file start00.cif (mmCIF, C-alpha atoms)
data_input
#
loop_
_atom_site.label_atom_id
_atom_site.label_comp_id
_atom_site.auth_asym_id
_atom_site.auth_seq_id
_atom_site.Cartn_x
_atom_site.Cartn_y
_atom_site.Cartn_z
CA MET A 1 124.73 28.42 83.03
CA ASP A 2 121.04 28.92 83.77
CA ALA A 3 121.52 32.69 83.71
CA LEU A 4 123.13 32.46 80.25
CA LYS A 5 120.25 30.37 78.93
CA ALA A 6 117.73 32.84 80.32
CA GLU A 7 119.59 35.73 78.66
CA ILE A 8 119.63 33.93 75.28
CA ALA A 9 115.91 33.15 75.56
CA GLN A 10 115.18 36.80 76.37
CA LYS A 11 117.16 37.96 73.32
CA ARG A 12 115.31 35.53 71.04
CA LYS A 13 111.96 36.67 72.38
CA ALA A 14 112.91 40.32 71.78
CA LEU A 15 113.91 39.51 68.19
CA GLU A 16 110.63 37.72 67.57
CA GLN A 17 108.57 40.62 68.94
CA ASP A 18 110.45 43.24 66.90
CA PRO A 19 108.54 43.66 63.59
CA VAL A 20 111.66 44.75 61.75
CA GLN A 21 113.75 41.82 62.92
CA SER A 22 110.97 39.30 62.36
CA SER A 23 110.43 40.42 58.76
CA ARG A 24 114.10 40.30 57.74
CA PRO A 25 114.63 37.99 54.73
CA ASN A 26 118.09 36.76 55.67
CA LYS A 27 119.59 35.73 58.96
CA TYR A 28 122.57 38.01 58.50
CA MET A 29 122.01 41.54 57.23
CA ARG A 30 123.93 44.78 57.01
CA ARG A 31 123.28 47.65 59.38
CA GLY A 32 122.08 49.84 56.52
CA GLU A 33 119.52 47.28 55.42
CA ILE A 34 118.14 47.05 58.97
CA GLU A 35 117.82 50.84 59.12
CA ARG A 36 116.03 50.85 55.77
CA LEU A 37 113.53 48.27 57.02
CA LYS A 38 112.90 50.38 60.12
CA GLU A 39 112.25 53.47 58.00
CA GLU A 40 109.82 51.57 55.78
CA GLN A 41 107.97 50.30 58.83
CA GLU A 42 107.74 53.81 60.32
CA ALA A 43 106.48 55.18 56.98
CA LYS A 44 103.71 52.59 56.95
CA VAL A 45 102.68 53.51 60.49
CA ARG A 46 102.64 57.22 59.62
CA GLU A 47 100.56 56.59 56.51
CA GLU A 48 98.01 54.57 58.48
CA LYS A 49 97.82 57.26 61.14
CA ARG A 50 97.33 59.96 58.48
CA LYS A 51 94.51 58.00 56.89
CA LEU A 52 92.80 57.59 60.26
CA GLU A 53 93.11 61.32 61.00
CA GLU A 54 91.77 62.19 57.54
CA ALA A 55 88.80 59.91 58.05
CA ALA A 56 88.11 61.40 61.48
CA ARG A 57 88.34 64.94 60.07
CA GLN A 58 85.94 64.12 57.24
CA GLU A 59 83.54 62.62 59.75
CA VAL A 60 83.68 65.77 61.91
CA GLU A 61 83.12 67.99 58.86
CA ALA A 62 80.15 65.87 57.80
CA LYS A 63 78.64 66.17 61.27
CA ALA A 64 79.24 69.94 61.26
CA ALA A 65 77.57 70.27 57.87
CA ALA A 66 74.61 68.24 59.11
CA VAL A 67 74.29 70.46 62.19
CA ARG A 68 74.43 73.60 60.05
CA ALA A 69 71.77 72.23 57.76
CA THR A 70 69.63 71.43 60.80
CA LYS A 71 70.07 74.96 62.16
CA GLN A 72 69.13 76.49 58.82
CA ALA A 73 65.99 74.39 58.68
CA ALA A 74 65.15 75.00 62.34
CA PRO A 75 63.86 78.63 62.05
CA ARG A 76 61.23 77.52 59.55
CA SER A 77 59.85 74.86 61.87
CA ILE A 78 60.16 76.92 65.09
CA SER A 79 57.34 79.27 64.08
CA ASN A 80 55.01 76.29 63.54
CA SER A 81 56.16 74.39 66.62
CA PRO A 82 54.06 74.69 69.80
CA HIS A 83 57.19 74.48 72.01
CA PRO A 84 60.04 76.42 70.35
CA ASP A 85 62.12 76.54 73.59
CA SER A 86 62.33 72.76 73.81
CA LEU A 87 63.61 72.58 70.26
CA ARG A 88 66.30 75.19 71.06
CA GLU A 89 67.44 73.19 74.06
CA THR A 90 67.92 70.01 72.05
CA GLU A 91 70.22 71.68 69.54
CA SER A 92 73.83 70.55 69.76
CA PRO A 93 76.58 73.21 69.63
CA ILE A 94 78.79 73.57 66.61
CA PRO A 95 82.29 72.26 67.24
CA GLU A 96 85.10 74.81 67.38
CA THR A 97 86.71 74.04 64.03
CA SER A 98 87.94 77.60 63.51
CA PHE A 99 90.36 77.36 66.47
CA ASN A 100 91.52 73.77 66.15
CA ILE A 101 95.15 73.62 67.31
CA SER A 102 97.15 70.80 68.80
CA ASN A 103 97.51 70.25 72.54
CA ASP A 104 101.25 70.94 72.40
CA GLU A 105 100.66 74.31 70.73
CA THR A 106 97.94 75.14 73.28
CA ILE A 107 100.29 74.32 76.18
CA ARG A 108 103.08 76.38 74.61
CA ARG A 109 100.88 79.47 74.17
CA LEU A 110 99.44 79.23 77.68
CA ARG A 111 102.93 78.96 79.18
CA ALA A 112 104.06 81.97 77.14
CA LYS A 113 101.19 83.97 78.67
CA GLY A 114 101.99 82.76 82.21
CA GLN A 115 98.68 80.89 82.49
CA PRO A 116 98.12 77.38 83.94
CA ILE A 117 98.15 74.74 81.23
CA ARG A 118 95.08 72.99 82.67
CA LEU A 119 92.50 73.93 85.26
CA PHE A 120 90.75 71.43 87.51
CA GLY A 121 88.24 69.35 85.54
CA GLU A 122 89.07 71.15 82.27
CA SER A 123 88.90 69.27 78.99
CA ASP A 124 91.08 69.91 75.92
CA LYS A 125 88.26 71.81 74.22
CA ASP A 126 87.70 74.02 77.28
CA ARG A 127 91.41 74.71 77.43
CA ARG A 128 91.46 75.82 73.77
CA LEU A 129 88.45 78.05 74.38
CA ARG A 130 90.18 79.62 77.40
CA LEU A 131 93.30 80.28 75.30
CA ARG A 132 91.18 81.88 72.57
CA ALA A 133 89.43 84.11 75.11
CA LEU A 134 92.80 85.27 76.52
CA GLU A 135 94.08 86.06 73.02
CA LEU A 136 90.96 88.05 72.18
CA ILE A 137 91.32 90.07 75.41
CA GLU A 138 94.96 90.83 74.58
CA GLU A 139 94.07 91.85 71.02
CA LYS A 140 91.47 94.33 72.28
CA GLY A 141 93.93 95.71 74.81
CA HIS A 142 96.62 96.15 72.13
CA GLU A 143 94.17 97.92 69.87
CA ARG A 144 93.58 100.47 72.63
CA GLN A 145 97.18 100.87 73.80
CA SER A 146 99.39 99.76 70.91
CA GLY A 147 102.38 102.01 70.24
CA GLN A 148 101.85 104.25 73.24
CA ASN A 149 104.81 105.30 75.37
CA ASP A 150 104.85 107.31 78.55
CA PHE A 151 105.39 110.62 76.72
CA LYS A 152 102.35 110.05 74.52
CA LYS A 153 100.35 109.05 77.59
CA ALA A 154 101.38 112.30 79.30
CA LEU A 155 100.36 114.23 76.19
CA GLU A 156 96.93 112.60 76.25
CA ASP A 157 96.61 113.36 79.96
CA VAL A 158 97.29 117.03 79.26
CA GLU A 159 94.65 117.09 76.54
CA ASN A 160 92.13 115.40 78.84
CA VAL A 161 92.80 117.92 81.61
CA GLU A 162 92.39 120.82 79.21
CA ARG A 163 89.16 119.32 77.94
CA GLU A 164 87.83 119.02 81.49
CA LEU A 165 88.80 122.61 82.30
CA LYS A 166 87.08 123.83 79.16
CA SER A 167 83.89 121.90 79.95
CA LYS A 168 83.80 123.21 83.50
CA GLY A 169 84.59 126.77 82.43
CA THR A 170 86.39 127.54 85.70
CA LYS A 171 90.05 127.78 86.52
CA GLU A 172 91.17 127.78 90.13
CA LYS A 173 94.59 128.22 91.62
CA LYS A 174 95.31 126.37 94.83
CA LYS A 175 98.15 127.57 97.03
CA ASP A 176 99.80 125.19 99.47
CA ASP A 177 100.37 126.83 102.85
CA SER A 178 103.15 124.49 103.79
CA ASP A 179 105.04 125.28 100.60
CA SER A 180 104.68 129.00 101.10
CA ALA A 181 105.85 128.67 104.69
CA THR A 182 109.02 126.92 103.63
CA SER A 183 109.63 129.14 100.59
CA THR A 184 111.70 131.61 102.59
CA GLY A 185 115.34 130.81 103.25
CA VAL A 186 118.10 129.02 101.37
CA LEU A 187 119.10 125.46 102.09
CA ASP A 188 122.22 125.28 104.29
CA LEU A 189 124.89 122.95 102.87
CA SER A 190 126.53 122.54 106.27
CA LEU A 191 123.62 120.27 107.23
CA VAL A 192 125.10 117.58 104.96
CA LYS A 193 127.78 116.93 107.58
CA THR A 194 126.07 118.09 110.77
CA ASP A 195 122.46 116.90 110.46
CA PRO A 196 121.57 115.14 107.17
CA ASP A 197 118.06 114.22 108.39
CA LYS A 198 117.00 117.88 108.25
CA LEU A 199 117.86 117.99 104.56
CA TYR A 200 115.13 115.56 103.50
CA PRO A 201 112.11 117.83 104.18
CA LEU A 202 113.95 120.92 102.90
CA ILE A 203 114.80 119.25 99.59
CA TYR A 204 111.33 117.72 99.35
CA TYR A 205 109.45 121.00 99.75
CA ALA A 206 111.87 122.95 97.56
CA LEU A 207 111.46 120.53 94.64
CA LYS A 208 107.69 120.32 95.19
CA ARG A 209 107.44 124.11 95.13
CA THR A 210 109.44 124.38 91.90
CA LEU A 211 107.32 121.66 90.31
CA LYS A 212 104.15 123.47 91.39
CA GLU A 213 105.42 126.74 89.92
CA TRP A 214 106.19 124.95 86.66
CA GLU A 215 102.65 123.57 86.56
CA GLU A 216 101.16 127.01 87.26
CA ALA A 217 103.34 128.55 84.55
CA MET A 218 101.95 126.01 82.07
CA ASP A 219 98.39 126.90 83.12
CA GLU A 220 98.97 130.68 82.89
CA ARG A 221 99.98 130.58 79.23
CA PRO A 222 97.58 132.12 76.69
CA GLU A 223 95.06 129.80 75.14
CA HIS A 224 96.44 130.13 71.60
CA ILE A 225 99.90 129.04 72.82
CA LYS A 226 98.45 126.05 74.65
CA ARG A 227 96.74 124.85 71.47
CA THR A 228 99.92 124.83 69.41
CA HIS A 229 101.99 121.70 68.97
CA GLN A 230 104.95 123.14 70.89
CA GLY A 231 102.65 124.21 73.72
CA LYS A 232 101.24 120.71 74.04
CA LEU A 233 104.74 119.21 74.03
CA ALA A 234 105.85 121.57 76.81
CA ALA A 235 102.82 120.65 78.95
CA ALA A 236 103.43 116.96 78.30
CA THR A 237 107.08 117.36 79.37
CA GLN A 238 105.94 118.91 82.65
CA VAL A 239 103.48 116.07 83.34
CA GLN A 240 106.11 113.48 82.45
CA SER A 241 108.69 115.09 84.77
CA ALA A 242 106.18 115.13 87.64
CA GLU A 243 105.59 111.42 87.07
CA TYR A 244 109.33 110.68 86.94
CA LEU A 245 109.99 112.57 90.21
CA LYS A 246 107.55 110.45 92.24
CA PRO A 247 110.17 107.78 93.14
CA LEU A 248 112.53 110.53 94.35
CA PHE A 249 109.81 112.10 96.51
CA LYS A 250 109.00 108.68 97.95
CA THR A 251 112.67 108.11 98.81
CA LEU A 252 112.89 111.55 100.43
CA ARG A 253 109.81 110.85 102.55
CA SER A 254 111.26 107.53 103.72
CA ARG A 255 114.70 109.17 104.31
CA SER A 256 116.46 106.32 102.50
CA LEU A 257 118.47 108.24 99.90
CA PRO A 258 122.20 107.34 99.72
CA HIS A 259 124.46 109.91 101.36
CA ASP A 260 126.38 110.82 98.20
CA MET A 261 123.19 111.37 96.22
CA LEU A 262 121.72 113.39 99.09
CA ALA A 263 124.76 115.68 99.10
CA ARG A 264 124.64 116.24 95.33
CA ILE A 265 120.88 116.94 95.28
CA ALA A 266 121.28 119.30 98.25
CA GLU A 267 123.94 121.20 96.28
CA ILE A 268 121.61 121.41 93.25
CA VAL A 269 118.76 122.80 95.38
CA HIS A 270 121.08 125.20 97.24
CA TYR A 271 122.59 126.73 94.09
CA MET A 272 119.20 126.78 92.36
CA GLN A 273 117.78 128.84 95.24
CA LYS A 274 120.77 131.21 95.08
CA ARG A 275 120.33 131.43 91.27
CA GLN A 276 123.85 130.14 90.69
CA TYR A 277 122.80 127.82 87.90
CA GLN A 278 126.32 127.16 86.60
CA LYS A 279 127.33 125.61 89.94
CA ALA A 280 124.01 123.76 90.11
CA ASN A 281 124.74 122.31 86.67
CA ASP A 282 128.18 121.18 87.86
CA SER A 283 126.57 119.37 90.80
CA TYR A 284 124.08 117.81 88.39
CA LEU A 285 126.94 116.51 86.23
CA ARG A 286 128.70 115.05 89.28
CA LEU A 287 125.42 113.37 90.23
CA SER A 288 124.68 111.99 86.78
CA ILE A 289 128.04 110.92 85.33
CA GLY A 290 130.39 111.36 88.32
CA ASN A 291 133.91 112.74 88.33
CA ALA A 292 135.97 109.67 89.23
CA PRO A 293 138.97 109.05 86.93
CA TRP A 294 138.29 106.26 84.49
CA PRO A 295 141.27 103.89 84.15
CA ILE A 296 142.53 103.63 80.58
CA GLY A 297 145.01 100.88 79.88
CA VAL A 298 146.86 98.70 82.38
CA THR A 299 146.71 99.87 86.00
CA MET A 300 148.54 96.98 87.71
CA VAL A 301 151.64 95.75 85.86
CA GLY A 302 153.56 94.30 88.78
CA ILE A 303 153.71 94.04 92.52
CA HIS A 304 153.97 97.84 92.88
CA GLU A 305 151.11 100.26 92.29
CA ARG A 306 151.41 102.88 89.62
CA SER A 307 151.38 106.56 90.42
CA ALA A 308 147.93 108.06 91.11
CA ARG A 309 146.53 104.53 91.40
CA GLU A 310 144.70 105.49 94.58
CA LYS A 311 142.70 108.13 92.69
CA ILE A 312 140.94 105.46 90.67
CA SER A 313 138.08 104.59 93.00
CA ALA A 314 134.35 103.98 93.02
CA ASP A 315 133.50 106.82 95.35
CA GLN A 316 132.01 109.04 92.69
CA VAL A 317 129.47 106.69 91.16
CA ALA A 318 127.63 107.57 87.98
CA HIS A 319 124.10 107.19 89.35
CA VAL A 320 122.43 107.79 86.02
CA LEU A 321 123.82 104.45 84.92
CA ASN A 322 122.46 102.53 87.89
CA ASP A 323 118.89 101.90 86.77
CA GLU A 324 116.13 103.41 84.67
CA VAL A 325 114.27 104.94 87.63
CA SER A 326 117.32 106.93 88.77
CA ARG A 327 117.97 108.11 85.21
CA LYS A 328 114.43 109.42 84.88
CA TYR A 329 114.27 111.50 88.06
CA ILE A 330 117.83 112.82 87.62
CA GLN A 331 116.85 113.95 84.13
CA SER A 332 113.74 115.59 85.61
CA LEU A 333 115.95 117.48 88.08
CA LYS A 334 117.76 118.99 85.09
CA ARG A 335 114.38 120.03 83.63
CA LEU A 336 113.52 121.75 86.92
CA LEU A 337 116.84 123.60 86.75
CA THR A 338 116.06 124.78 83.23
CA PHE A 339 112.61 126.02 84.24
CA SER A 340 113.94 127.79 87.34
CA GLN A 341 116.57 129.55 85.23
CA THR A 342 113.84 130.68 82.82
CA LYS A 343 111.54 132.01 85.54
CA TYR A 344 114.22 133.38 87.91
CA PRO A 345 117.17 134.47 85.74
CA PRO A 346 120.39 135.25 87.63
CA GLU A 347 121.71 138.76 88.09
CA ASP A 348 125.15 137.67 86.89
CA ILE A 349 124.92 136.43 83.32
CA SER A 350 127.96 134.19 83.86
CA GLN A 351 125.84 131.97 86.12
CA LEU A 352 123.60 130.89 83.25
CA MET A 353 123.79 127.28 82.20
CA GLY A 354 125.10 126.61 78.73
#
call {"tool": "encode", "arguments": {"input": "start00.cif", "output": "structure tokens"}}
result
Amino acid sequence: MDALKAEIAQKRKALEQDPVQSSRPNKYMRRGEIERLKEEQEAKVREEKRKLEEAARQEVEAKAAAVRATKQAAPRSISNSPHPDSLRETESPIPETSFNISNDETIRRLRAKGQPIRLFGESDKDRRLRLRALELIEEKGHERQSGQNDFKKALEDVENVERELKSKGTKEKKKDDSDSATSTGVLDLSLVKTDPDKLYPLIYYALKRTLKEWEEAMDERPEHIKRTHQGKLAAATQVQSAEYLKPLFKTLRSRSLPHDMLARIAEIVHYMQKRQYQKANDSYLRLSIGNAPWPIGVTMVGIHERSAREKISADQVAHVLNDEVSRKYIQSLKRLLTFSQTKYPPEDISQLMG
């Protein structure tokens, strides 16, 4: 019984403290009328809050205007003052009214940039200033690098290199002894099964040598061809391909290339050295898109397997679809094939790539 009395007293106290319930005209009211009273009460609170914010904003603007007027009058009195430094020290800074955003918006922008929402001992004003500084830094960076992709960057690198060569007035050709030592001989495909570890340095030096020859061929072109738009695009393509092949060279140095990819790249290098570019192109296609049958339709309709079901496997993987890095250096391998065919054409015209 005492518990029931305590519960009733608690309910009455809650009704008395509620401003909506205490201001109700009748003892019994509809639900809609109670909701309307709540909305009116919330509207009054919002209106009072808006008036307070407006008054505070007007007060801040009045203070800012007073400070500006003081600063405008200060230069006239500084020349007559015996201690101008002391007067400069007593000046109060102008508040940051030009970047006045709410705390929630500041937190949202900082989180979007991956920055901490508050540093140790940092006030709200310091936090807004830090956000503004970060945005200004990003704007300057975008002005320098907006709209630039890797091909345009390679094109600019080529122009910078040509500018440096022109300013120096000298052109040197450096020959790598290790490349020339390994230039003789054709890669043996039997090493794929017998000793795959020996393939890594052979493939590495063969691709490096072809890339070096491509770079030298770009440098040996006449000056009027280099200055044309097509000449600059060709040089930029060579620089871009050299950049794309860096992950492949790193994988070859660490000897961590998958076995199927190693076999396909070894075939490409082997046929490229023998000037059999048609077969090298076939190996490139097997490396890029694979030759596994793609199942079309239903392959399992019951408890028994259909005919040729075992041919549908994942052995021949399309590596160009794996990730963007693989796509880039596999595409650069095709560019090396095209250059090698241009510089060393085959004796049999049927071995030309289409």
call {"tool": "atom_distance", "arguments": {"input": "start00.cif", "atom1": "atom CA of A:His270", "atom2": "atom CA of A:Arg255"}}
result
18.6 Å
call {"tool": "resolve_selection", "arguments": {"input": "start00.cif", "expression": "the PyMOL selection byres ((chain A and resi 251) around 12)", "output": "VMD selection string"}}
result
chain A and resid 200 to 201 203 to 204 245 to 250 252 to 258 261 to 262 325 to 326 329
call {"tool": "closest_residue", "arguments": {"input": "start00.cif", "among": "A:Thr338, A:Gln278, A:Gln240, A:Thr106", "to": "A:Met353", "atoms": "all atoms listed in the file"}}
result
A:Gln278
call {"tool": "resolve_selection", "arguments": {"input": "start00.cif", "expression": "the PyMOL selection byres ((chain A and resi 282) around 12)", "output": "ChimeraX atom specification"}}
result
/A:264-265,267-268,271-272,276-281,283-291,334,337,351-354
call {"tool": "closest_residue", "arguments": {"input": "start00.cif", "among": "A:Gln230, A:Arg275, A:Ala266, A:Lys208", "to": "A:Asp188", "atoms": "all atoms listed in the file"}}
result
A:Ala266
call {"tool": "closest_residue", "arguments": {"input": "start00.cif", "among": "A:Asn103, A:Ser123, A:Ser340, A:Thr194", "to": "A:Glu213", "atoms": "only C-alpha atoms"}}
result
A:Ser340
call {"tool": "closest_residue", "arguments": {"input": "start00.cif", "among": "A:Lys113, A:Lys343, A:Arg68, A:Lys274", "to": "A:Leu187", "atoms": "all atoms listed in the file"}}
result
A:Lys274
